>>> print(open('run-v4.cif').read())   # mmCIF, C-alpha atoms
data_target
loop_
_atom_site.label_atom_id
_atom_site.label_comp_id
_atom_site.auth_asym_id
_atom_site.auth_seq_id
_atom_site.Cartn_x
_atom_site.Cartn_y
_atom_site.Cartn_z
CA MET A 28 75.38 97.30 84.74
CA PRO A 29 76.57 97.61 88.37
CA ALA A 30 75.68 100.72 90.32
CA ARG A 31 78.49 103.00 91.45
CA ARG A 32 78.89 104.21 95.00
CA TYR A 33 81.61 106.73 94.11
CA ASP A 34 82.24 108.79 90.99
CA LEU A 35 86.04 108.90 91.14
CA LEU A 36 88.61 106.33 92.22
CA ALA A 37 92.29 107.30 92.57
CA LEU A 38 94.73 104.41 92.38
CA ASP A 39 98.37 104.37 93.38
CA LEU A 40 100.41 102.06 91.14
CA ASP A 41 103.48 100.44 92.75
CA GLY A 42 102.63 98.38 95.79
CA THR A 43 98.91 98.93 95.26
CA THR A 44 97.46 98.33 91.80
CA LEU A 45 100.52 96.53 90.45
CA ARG A 46 101.57 93.12 91.66
CA PRO A 47 105.03 92.75 93.25
CA ASP A 48 106.42 91.96 89.79
CA ALA A 49 105.06 95.32 88.51
CA THR A 50 102.36 93.76 86.35
CA LEU A 51 98.58 94.12 86.33
CA SER A 52 96.66 91.00 87.26
CA PRO A 53 93.70 89.94 85.09
CA ALA A 54 91.46 90.31 88.15
CA VAL A 55 92.46 93.94 88.67
CA VAL A 56 92.08 94.74 84.96
CA ALA A 57 88.60 93.21 84.98
CA ALA A 58 87.60 95.04 88.17
CA VAL A 59 88.74 98.41 86.81
CA ALA A 60 86.73 97.67 83.66
CA ARG A 61 83.66 97.02 85.81
CA ALA A 62 84.20 100.31 87.59
CA THR A 63 84.58 102.35 84.40
CA ALA A 64 81.57 100.58 82.88
CA ALA A 65 79.57 101.75 85.90
CA GLY A 66 80.67 105.33 85.23
CA VAL A 67 83.47 105.62 87.78
CA ARG A 68 86.33 107.85 86.61
CA VAL A 69 89.51 105.97 87.51
CA VAL A 70 92.62 108.13 87.95
CA LEU A 71 96.16 106.77 88.33
CA ALA A 72 98.23 108.71 90.88
CA THR A 73 101.85 107.65 90.99
CA ALA A 74 105.38 108.71 91.79
CA ARG A 75 106.40 107.30 88.40
CA PRO A 76 107.22 109.50 85.42
CA PRO A 77 104.73 109.65 82.54
CA ARG A 78 106.70 107.19 80.39
CA ALA A 79 106.47 104.53 83.10
CA ALA A 80 102.81 105.15 83.98
CA LEU A 81 101.15 105.49 80.58
CA VAL A 82 101.71 101.82 79.76
CA TYR A 83 99.41 100.82 82.64
CA HIS A 84 96.95 103.59 81.86
CA ARG A 85 96.58 102.11 78.37
CA GLN A 86 96.33 98.53 79.62
CA LEU A 87 93.44 99.66 81.84
CA ALA A 88 91.80 101.50 78.91
CA LEU A 89 91.46 104.74 80.90
CA ASP A 90 90.65 108.15 79.43
CA THR A 91 91.39 110.30 82.48
CA PRO A 92 94.39 112.56 83.16
CA LEU A 93 97.28 110.98 85.07
CA VAL A 94 99.00 112.21 88.23
CA THR A 95 102.73 111.59 87.82
CA TYR A 96 105.80 112.46 89.90
CA ASN A 97 103.64 112.53 93.05
CA GLY A 98 101.67 115.43 91.59
CA SER A 99 104.45 117.51 90.04
CA MET A 100 103.10 116.75 86.56
CA LEU A 101 99.61 116.09 85.30
CA VAL A 102 99.48 114.61 81.81
CA ASP A 103 96.72 113.62 79.42
CA PRO A 104 96.30 110.05 78.10
CA ASP A 105 98.70 110.84 75.24
CA GLY A 106 101.39 112.03 77.62
CA ASN A 107 100.95 115.72 76.90
CA THR A 108 101.66 117.99 79.86
CA LEU A 109 98.60 119.56 81.46
CA GLU A 110 100.34 121.03 84.51
CA HIS A 111 103.98 121.11 85.62
CA THR A 112 105.31 122.33 88.97
CA PRO A 113 109.10 121.87 89.27
CA LEU A 114 111.23 122.70 92.29
CA LYS A 115 112.06 126.39 92.64
CA PRO A 116 115.41 127.37 91.06
CA GLY A 117 118.38 126.62 93.32
CA VAL A 118 116.53 124.25 95.64
CA GLY A 119 117.68 121.06 93.92
CA PRO A 120 121.40 121.90 93.91
CA SER A 121 121.23 122.90 97.58
CA ILE A 122 119.53 119.65 98.60
CA VAL A 123 122.03 117.58 96.62
CA ALA A 124 124.99 119.42 98.17
CA ALA A 125 123.65 118.76 101.68
CA ALA A 126 122.84 115.13 100.90
CA ARG A 127 126.25 114.42 99.39
CA ASP A 128 127.98 116.22 102.27
CA HIS A 129 126.14 113.91 104.68
CA ASP A 130 126.48 110.77 102.53
CA PRO A 131 129.00 111.02 99.67
CA ASP A 132 127.77 107.70 98.27
CA CYS A 133 124.16 108.88 98.00
CA ILE A 134 122.77 108.25 94.51
CA VAL A 135 121.19 111.31 92.88
CA HIS A 136 118.54 111.00 90.18
CA VAL A 137 116.83 114.00 88.60
CA GLU A 138 113.60 113.78 86.65
CA ALA A 139 113.25 116.76 84.33
CA GLU A 140 109.76 116.54 82.87
CA ASP A 141 109.93 113.05 81.34
CA ARG A 142 113.72 112.57 81.28
CA TRP A 143 115.91 110.73 83.81
CA LEU A 144 119.29 112.37 84.47
CA THR A 145 122.00 111.11 86.84
CA ASP A 146 125.71 111.20 87.47
CA ARG A 147 125.89 107.64 88.77
CA HIS A 148 123.62 104.65 88.22
CA ASP A 149 123.75 101.80 90.72
CA PRO A 150 121.54 98.81 89.75
CA GLN A 151 121.39 97.87 93.45
CA LEU A 152 119.83 101.24 94.30
CA THR A 153 117.33 102.09 91.64
CA VAL A 154 113.72 102.90 90.83
CA ALA A 155 110.82 100.67 89.79
CA SER A 156 110.85 101.74 86.16
CA ALA A 157 114.62 101.40 85.64
CA GLU A 158 114.54 98.06 83.82
CA ALA A 159 112.19 99.30 81.13
CA PHE A 160 113.53 102.86 80.95
CA PRO A 161 117.28 103.37 81.47
CA PRO A 162 118.72 106.82 82.21
CA ASP A 163 118.46 109.37 79.43
CA HIS A 164 121.71 110.98 80.53
CA ILE A 165 124.62 109.93 82.75
CA GLY A 166 127.15 112.71 83.31
CA PRO A 167 128.52 115.24 85.79
CA LEU A 168 125.99 116.82 88.14
CA ASP A 169 126.77 120.25 86.76
CA SER A 170 125.53 119.14 83.36
CA PHE A 171 121.92 118.96 84.59
CA ILE A 172 121.46 119.92 88.25
CA HIS A 173 120.87 123.62 87.55
CA GLY A 174 118.00 123.10 85.10
CA PRO A 175 114.30 122.65 85.96
CA ILE A 176 113.80 119.67 88.30
CA THR A 177 110.41 118.00 88.29
CA LYS A 178 111.42 115.47 90.94
CA LEU A 179 114.67 114.87 92.80
CA MET A 180 115.44 111.39 94.10
CA LEU A 181 118.07 110.51 96.70
CA LEU A 182 118.86 106.82 97.06
CA THR A 183 120.81 105.13 99.84
CA PRO A 184 120.73 101.72 101.58
CA ASP A 185 117.75 101.07 103.84
CA ASN A 186 119.76 101.44 107.05
CA LYS A 187 120.94 104.94 106.06
CA LEU A 188 117.65 106.39 104.83
CA ALA A 189 116.33 107.73 108.15
CA ALA A 190 119.45 109.80 108.79
CA LEU A 191 119.41 111.18 105.25
CA HIS A 192 115.74 112.04 105.63
CA ASP A 193 116.46 113.95 108.84
CA VAL A 194 119.17 116.00 107.13
CA VAL A 195 117.00 116.98 104.18
CA GLN A 196 113.82 117.50 106.20
CA SER A 197 115.50 119.65 108.86
CA ARG A 198 117.17 121.96 106.35
CA PHE A 199 114.69 122.16 103.48
CA ALA A 200 111.24 121.59 104.95
CA GLU A 201 109.96 124.93 103.64
CA GLN A 202 111.43 124.47 100.16
CA THR A 203 110.45 120.92 99.34
CA SER A 204 108.14 118.07 100.27
CA VAL A 205 110.24 115.05 101.21
CA LEU A 206 108.33 111.90 100.32
CA ILE A 207 109.10 108.27 101.16
CA CYS A 208 107.85 105.71 98.67
CA ASP A 209 110.51 103.01 99.15
CA THR A 210 112.74 102.01 102.03
CA HIS A 211 115.85 103.12 100.11
CA MET A 212 114.67 106.37 98.50
CA LEU A 213 113.64 109.94 99.28
CA GLN A 214 111.72 111.93 96.69
CA CYS A 215 111.75 115.72 96.75
CA VAL A 216 109.12 117.78 94.95
CA ASP A 217 107.82 121.32 95.20
CA PRO A 218 105.97 121.77 98.52
CA ALA A 219 102.87 123.06 96.73
CA VAL A 220 102.15 119.67 95.19
CA ASP A 221 101.31 116.17 96.32
CA LYS A 222 99.00 113.40 95.19
CA ALA A 223 96.08 114.79 97.17
CA THR A 224 96.14 118.24 95.61
CA ALA A 225 96.76 116.78 92.15
CA VAL A 226 93.86 114.33 92.38
CA ALA A 227 91.67 117.13 93.73
CA ARG A 228 92.50 119.25 90.69
CA ILE A 229 91.59 116.40 88.36
CA ALA A 230 88.37 115.81 90.28
CA ASN A 231 87.58 119.50 89.86
CA ARG A 232 88.26 119.23 86.11
CA LEU A 233 85.78 116.34 86.02
CA GLY A 234 83.20 118.09 88.21
CA ILE A 235 83.44 115.49 90.98
CA PRO A 236 83.51 116.56 94.67
CA ALA A 237 85.72 114.90 97.26
CA GLN A 238 82.55 113.53 98.87
CA ARG A 239 82.08 111.29 95.81
CA SER A 240 85.72 110.20 95.60
CA ALA A 241 87.69 107.20 96.85
CA ALA A 242 91.42 106.43 96.89
CA ILE A 243 93.62 103.39 97.44
CA GLY A 244 97.31 103.37 98.37
CA ASP A 245 100.12 101.66 100.22
CA ALA A 246 102.89 104.13 101.11
CA PRO A 247 103.42 107.38 103.04
CA ASN A 248 103.17 109.43 99.83
CA ASP A 249 99.56 108.21 99.55
CA LEU A 250 98.52 109.51 102.98
CA GLY A 251 97.23 112.87 101.80
CA MET A 252 95.29 111.27 98.98
CA ILE A 253 93.44 108.76 101.14
CA ARG A 254 92.72 111.44 103.74
CA TRP A 255 91.35 113.78 101.07
CA ALA A 256 88.96 111.20 99.62
CA ALA A 257 85.63 110.44 101.24
CA LEU A 258 86.73 106.78 101.29
CA GLY A 259 90.39 106.03 101.90
CA LEU A 260 91.53 102.44 101.48
CA ALA A 261 94.82 100.66 102.14
CA VAL A 262 96.04 97.43 100.61
CA GLY A 263 97.08 94.80 103.14
CA ASN A 264 100.79 95.26 102.43
CA ALA A 265 100.62 99.01 103.13
CA TRP A 266 102.89 100.81 105.57
CA PRO A 267 101.42 100.77 109.11
CA GLU A 268 100.72 104.52 109.12
CA LEU A 269 98.65 104.21 105.96
CA ILE A 270 96.62 101.31 107.33
CA ASP A 271 96.00 103.35 110.48
CA ALA A 272 94.80 106.33 108.44
CA ALA A 273 92.59 104.35 106.06
CA ASP A 274 88.89 103.73 106.51
CA HIS A 275 89.35 100.08 105.56
CA ALA A 276 92.10 97.67 104.51
CA VAL A 277 91.78 95.11 101.74
CA ALA A 278 93.95 92.26 100.47
CA THR A 279 97.57 92.82 99.49
CA ASN A 280 98.67 93.84 96.02
CA ALA A 281 99.82 90.25 95.50
CA HIS A 282 96.26 89.06 96.14
CA ASP A 283 94.23 91.53 94.05
CA GLY A 284 93.44 94.00 96.81
CA VAL A 285 92.35 96.66 94.32
CA ALA A 286 89.88 94.24 92.74
CA GLU A 287 88.49 93.43 96.18
CA ALA A 288 88.20 97.14 96.97
CA ILE A 289 86.34 97.91 93.76
CA ASP A 290 83.83 95.11 94.20
CA ARG A 291 83.30 95.66 97.92
CA TYR A 292 83.29 99.45 98.17
CA ILE A 293 83.18 101.17 94.77
CA VAL A 294 80.52 99.38 92.72
CA SER A 295 77.80 96.97 93.70
#
>>> encode(input="run-v4.cif", output="structure tokens")
Amino acid sequence: MPARRYDLLALDLDGTTLRPDATLSPAVVAAVARATAAGVRVVLATARPPRAALVYHRQLALDTPLVTYNGSMLVDPDGNTLEHTPLKPGVGPSIVAAARDHDPDCIVHVEAEDRWLTDRHDPQLTVASAEAFPPDHIGPLDSFIHGPITKLMLLTPDNKLAALHDVVQSRFAEQTSVLICDTHMLQCVDPAVDKATAVARIANRLGIPAQRSAAIGDAPNDLGMIRWAALGLAVGNAWPELIDAADHAVATNAHDGVAEAIDRYIVS
């Protein structure tokens, strides 16, 4: 049995653990199995909702809690909610009003626990899990915008995202964390949560200190997580700011970077 260098490994999914076609490679599955066999607790930390993350959790045969919605929900391996931190009441409607005032064509998606609600679905501006999980509800904003919001997503073409980000960030910085995971999408969650704090809470549940933890990511919403961990790694296709912040970079997600990371840095 290989020896472990770290006791916990947090893995982002899209752009990191998953290949560009959103599948797990045999090499990554085998490497994760080697890590868990060595006693490493592998935790998935994703912006995805539970329904779109649990399938990979099961393929990897993990028994740890999952970080979903960038930390707004922690769920157990059966999808049961362990912790839920939605936006404060009124914040979501205010953000949407400002976003639509700036860009009337902005697509608005609301995730309410594990349900996807929207008033307009554009297949050209969508989320990674949309093909497998279509919207649960398409209807007027007023039919859902005033309820609890686990995660708010604002989608617009790549060339309009920066301006939309500036509008939301300048007006709502104290009421929400504005996260960028894709070049066409902003994600808004409660400012008290992110992947780093969520993974830290799971590590605490498991009795594992940050000094014995590692994390791998690719996008700006992974920055806190890789800075929190004792070892922060970036896949080769990561955003430049993540590569700059990481301790080391490995191969891209298309070339089994997570498998390389596990064999080079996590177990020996």
>>> resolve_selection(input="run-v4.cif", expression="the PyMOL selection byres ((chain A and resi 236) around 12)", output="list in words")
Tyr33, Asp34, Leu35, Leu36, Val226, Ala227, Arg228, Ile229, Ala230, Asn231, Arg232, Leu233, Gly234, Ile235, Ala237, Gln238, Arg239, Ser240, Ala241, Trp255, Ala256 and Ala257 of chain A
>>> closest_residue(input="run-v4.cif", among="A:Trp143, A:Glu138, A:Met180, A:Pro116", to="A:Ile165", atoms="all atoms listed in the file")
A:Trp143
>>> residues_around(input="run-v4.cif", residues="stretch 41-48 of chain A", least_positions_apart="4", cutoff="7 Å", atoms="all atoms listed in the file", output="PyMOL selection string")
chain A and resi 52+244-245+262+280-281+285
>>> write_last_selection(input="run-v4.cif", atoms="C-alpha atoms", output="compact mmCIF listing (two decimals), in the coordinates of the input")
# COMPACT_ATOMS: atom_id res chain seq x y z
CA SER A 52 96.66 91.00 87.26
CA GLY A 244 97.31 103.37 98.37
CA ASP A 245 100.12 101.66 100.22
CA VAL A 262 96.04 97.43 100.61
CA ASN A 280 98.67 93.84 96.02
CA ALA A 281 99.82 90.25 95.50
CA VAL A 285 92.35 96.66 94.32
>>> resolve_selection(input="run-v4.cif", expression="the PyMOL selection byres ((chain A and resi 119) around 9)", output="list in words")
Leu114, Lys115, Pro116, Gly117, Val118, Pro120, Ser121, Ile122, Val123, Ala124, Val137, Ile172, His173, Pro175, Ile176, Lys178, Leu179 and Cys215 of chain A
>>> resolve_selection(input="run-v4.cif", expression="the PyMOL selection byres ((chain A and resi 73-77) around 10)", output="mmCIF file with C-alpha atoms, in the frame of the given file")
data_model
loop_
_atom_site.group_PDB
_atom_site.id
_atom_site.type_symbol
_atom_site.label_atom_id
_atom_site.label_comp_id
_atom_site.auth_asym_id
_atom_site.auth_seq_id
_atom_site.Cartn_x
_atom_site.Cartn_y
_atom_site.Cartn_z
ATOM 1 C CA ALA A 37 92.290 107.300 92.570
ATOM 2 C CA LEU A 38 94.730 104.410 92.380
ATOM 3 C CA ASP A 39 98.370 104.370 93.380
ATOM 4 C CA LEU A 40 100.410 102.060 91.140
ATOM 5 C CA ASP A 41 103.480 100.440 92.750
ATOM 6 C CA VAL A 70 92.620 108.130 87.950
ATOM 7 C CA LEU A 71 96.160 106.770 88.330
ATOM 8 C CA ALA A 72 98.230 108.710 90.880
ATOM 9 C CA ARG A 78 106.700 107.190 80.390
ATOM 10 C CA ALA A 79 106.470 104.530 83.100
ATOM 11 C CA ALA A 80 102.810 105.150 83.980
ATOM 12 C CA LEU A 81 101.150 105.490 80.580
ATOM 13 C CA VAL A 82 101.710 101.820 79.760
ATOM 14 C CA HIS A 84 96.950 103.590 81.860
ATOM 15 C CA LEU A 93 97.280 110.980 85.070
ATOM 16 C CA VAL A 94 99.000 112.210 88.230
ATOM 17 C CA THR A 95 102.730 111.590 87.820
ATOM 18 C CA TYR A 96 105.800 112.460 89.900
ATOM 19 C CA ASN A 97 103.640 112.530 93.050
ATOM 20 C CA GLY A 98 101.670 115.430 91.590
ATOM 21 C CA SER A 99 104.450 117.510 90.040
ATOM 22 C CA MET A 100 103.100 116.750 86.560
ATOM 23 C CA LEU A 101 99.610 116.090 85.300
ATOM 24 C CA VAL A 102 99.480 114.610 81.810
ATOM 25 C CA ASP A 103 96.720 113.620 79.420
ATOM 26 C CA PRO A 104 96.300 110.050 78.100
ATOM 27 C CA ASP A 105 98.700 110.840 75.240
ATOM 28 C CA GLY A 106 101.390 112.030 77.620
ATOM 29 C CA ASN A 107 100.950 115.720 76.900
ATOM 30 C CA THR A 108 101.660 117.990 79.860
ATOM 31 C CA GLU A 138 113.600 113.780 86.650
ATOM 32 C CA ALA A 139 113.250 116.760 84.330
ATOM 33 C CA GLU A 140 109.760 116.540 82.870
ATOM 34 C CA ASP A 141 109.930 113.050 81.340
ATOM 35 C CA ARG A 142 113.720 112.570 81.280
ATOM 36 C CA TRP A 143 115.910 110.730 83.810
ATOM 37 C CA VAL A 154 113.720 102.900 90.830
ATOM 38 C CA ALA A 155 110.820 100.670 89.790
ATOM 39 C CA SER A 156 110.850 101.740 86.160
ATOM 40 C CA THR A 177 110.410 118.000 88.290
ATOM 41 C CA LYS A 178 111.420 115.470 90.940
ATOM 42 C CA LEU A 206 108.330 111.900 100.320
ATOM 43 C CA CYS A 208 107.850 105.710 98.670
ATOM 44 C CA GLN A 214 111.720 111.930 96.690
ATOM 45 C CA ASP A 221 101.310 116.170 96.320
ATOM 46 C CA LYS A 222 99.000 113.400 95.190
ATOM 47 C CA GLY A 244 97.310 103.370 98.370
ATOM 48 C CA ASN A 248 103.170 109.430 99.830
ATOM 49 C CA ASP A 249 99.560 108.210 99.550
#
>>> closest_residue(input="run-v4.cif", among="A:Val195, A:Ala223, A:Ala65, A:Leu87", to="A:Arg127", atoms="all atoms listed in the file")
A:Val195
>>> atom_distance(input="run-v4.cif", atom1="atom CA of A:Thr63", atom2="atom CA of A:Ala88")
9.1 Å
>>> atom_distance(input="run-v4.cif", atom1="atom CA of A:Met252", atom2="atom CA of A:His275")
14.3 Å
>>> atom_distance(input="run-v4.cif", atom1="atom CA of A:Ile243", atom2="atom CA of A:Asn264")
11.9 Å
